[in-house]
Amino acid sequence: MNDFEKGLSHHLNLQILTFATLNLISIFEGVMNITSQIKQPIQGEMELFEKKFYESMTSNIALLNRITYYIVNRKGKQMRPMFVFLTAKMLSNGTVNERTYRGASVIELIHTATLVHDDVVDDSNRRRGFFSINALWKNKIAVLVGDYLLSKGLLLSIDHGDFDLLKIISVAVREMSEGELLQIEKARRLDIVEAVYYEIIRKKTATLIAACCALGAKSVIDDALQVENMRKFGELIGMAFQIKDDLFDYTEEAIGKPTGIDIKEQKMTLPLIHVLNHCTVKEKSWLINSIKNHNKDKARVTQVIAFVKENNGLQYAEDKMVEFQQEALKILQNYPDSEFKEALILMVNYVIERKI
């Protein structure tokens, strides 16, 4: 390559990088705008929650406090506590109590603990664009921090006698573990069917969002039917959320997210499962061989992605995602109009329209 070609190549790379960066900034601004709209009816509660959440993590150990401070200052969108407060306020004409705050804190403690542990299991060095706990403080400390956060969450409920809330959370923790192990088991054998996939994502992802909504309801009312309605609502949103995440593996999207990660990790997601169950024996054999023996081959993974797209895998998954979303919206139709209900509807729509 001569100097002119090198210069042109460098210029084009800079243009591509600039375009990608501007696109990314635009997406994040859009996300922040939507998040701000959703948070608007619970702005005061979320601000107070952040203080209470940080207090719930404090310790006499300086190392722990440094790590928890790092975690708090790199928080995500905080969807889970938002679900808790919006659900509670929708059912109680706009009021919350200390149990609501404790429920939101427990959920966020449990969720954070699972993320810390996941990064160790996945040997991941990044989380939300920052270094993960295990990358900065090594695996042993990360595992212990995850255990600490889990215990703090459980004790927060026990110390205040919130045993009804604790039961909801404990079921979620158990199911999350079962879901992850079921996924690992099926990834080894590649014998997953659609029904098993739904069971995996219900336990792995949806159960925690279901717990958020059930906790929000239980913290303000003592009505088993309403609590169950909100639990089901959260579960449906969680199902749609995970299918959307699985779809990202097949689409570059505006942020340029790498494709094929799930295939490389032999995770059987809905687009692939649908195609496997509706292709010829020869094609199925080729797909399974690709996933088992060639999942690190970029060219082969690209071929698999193209095959799934061409055979309606993405469209099928998108249709199922919308079905879960519409079922969730039907549940909300049973409640009087309010700014909290509107925020939940916005959240439901954001789950399937998001770019990250």
# chains A, B, ... in the order shown; residues from 1 in each chain; ligands from 1
>>> select_by_dssp(residues="stretch 64-205 of chain A", states="strand (DSSP E)", output="JSON, numbers by chain")
{"A": [126, 127, 130, 131]}
>>> residues_around(residues="stretch 314-325 of chain A", least_positions_apart="3", cutoff="12 Å", atoms="only C-alpha atoms", output="count of residues only")
55
>>> residues_around(residues="A:Ile133", least_positions_apart="4", cutoff="7 Å", atoms="only C-alpha atoms", output="compact mmCIF listing (two decimals) with all heavy atoms, in the first residue's frame")
# COMPACT_ATOMS: atom_id res chain seq x y z
N VAL A 116 -21.95 -8.85 39.54
CA VAL A 116 -20.56 -9.03 39.98
C VAL A 116 -20.15 -10.49 39.80
O VAL A 116 -19.06 -10.79 39.29
CB VAL A 116 -20.40 -8.58 41.45
CG1 VAL A 116 -19.00 -8.96 41.97
CG2 VAL A 116 -20.61 -7.08 41.58
N TRP A 137 -10.12 -5.69 41.10
CA TRP A 137 -9.75 -6.26 42.40
C TRP A 137 -9.58 -7.78 42.40
O TRP A 137 -9.45 -8.40 43.45
CB TRP A 137 -10.81 -5.88 43.44
CG TRP A 137 -10.72 -4.45 43.89
CD1 TRP A 137 -9.83 -3.94 44.79
CD2 TRP A 137 -11.53 -3.34 43.47
NE1 TRP A 137 -10.04 -2.59 44.95
CE2 TRP A 137 -11.09 -2.19 44.15
CE3 TRP A 137 -12.59 -3.21 42.58
CZ2 TRP A 137 -11.66 -0.95 43.98
CZ3 TRP A 137 -13.16 -1.97 42.40
CH2 TRP A 137 -12.71 -0.85 43.09
N ALA A 142 -14.00 -10.12 44.11
CA ALA A 142 -15.28 -9.92 43.42
C ALA A 142 -16.34 -10.90 43.92
O ALA A 142 -17.48 -10.53 44.17
CB ALA A 142 -15.10 -10.07 41.91
>>> atom_distance(atom1="atom CA of A:Val145", atom2="atom CA of A:Arg231")
28.8 Å
>>> closest_residue(among="A:Glu175, A:Asp118, A:Val96, A:Ser59", to="A:Ala210", atoms="only C-alpha atoms")
A:Glu175
>>> atom_distance(atom1="atom CA of A:Ile209", atom2="atom CA of A:Val143")
23.3 Å
>>> closest_residue(among="A:Ser170, A:Asn289, A:Asn295, A:Asn134", to="A:Ile158", atoms="only C-alpha atoms")
A:Ser170
>>> atom_distance(atom1="atom CA of A:Pro41", atom2="atom CA of A:Lys77")
15.7 Å
>>> closest_residue(among="A:Arg300, A:Glu339, A:Val121, A:Ile141", to="A:Leu63", atoms="only C-alpha atoms")
A:Ile141
>>> residues_around(residues="stretch 148-150 of chain A", least_positions_apart="2", cutoff="6 Å", atoms="only C-alpha atoms", output="VMD selection string")
chain A and resid 109 to 110 113 145 to 146 152 to 153
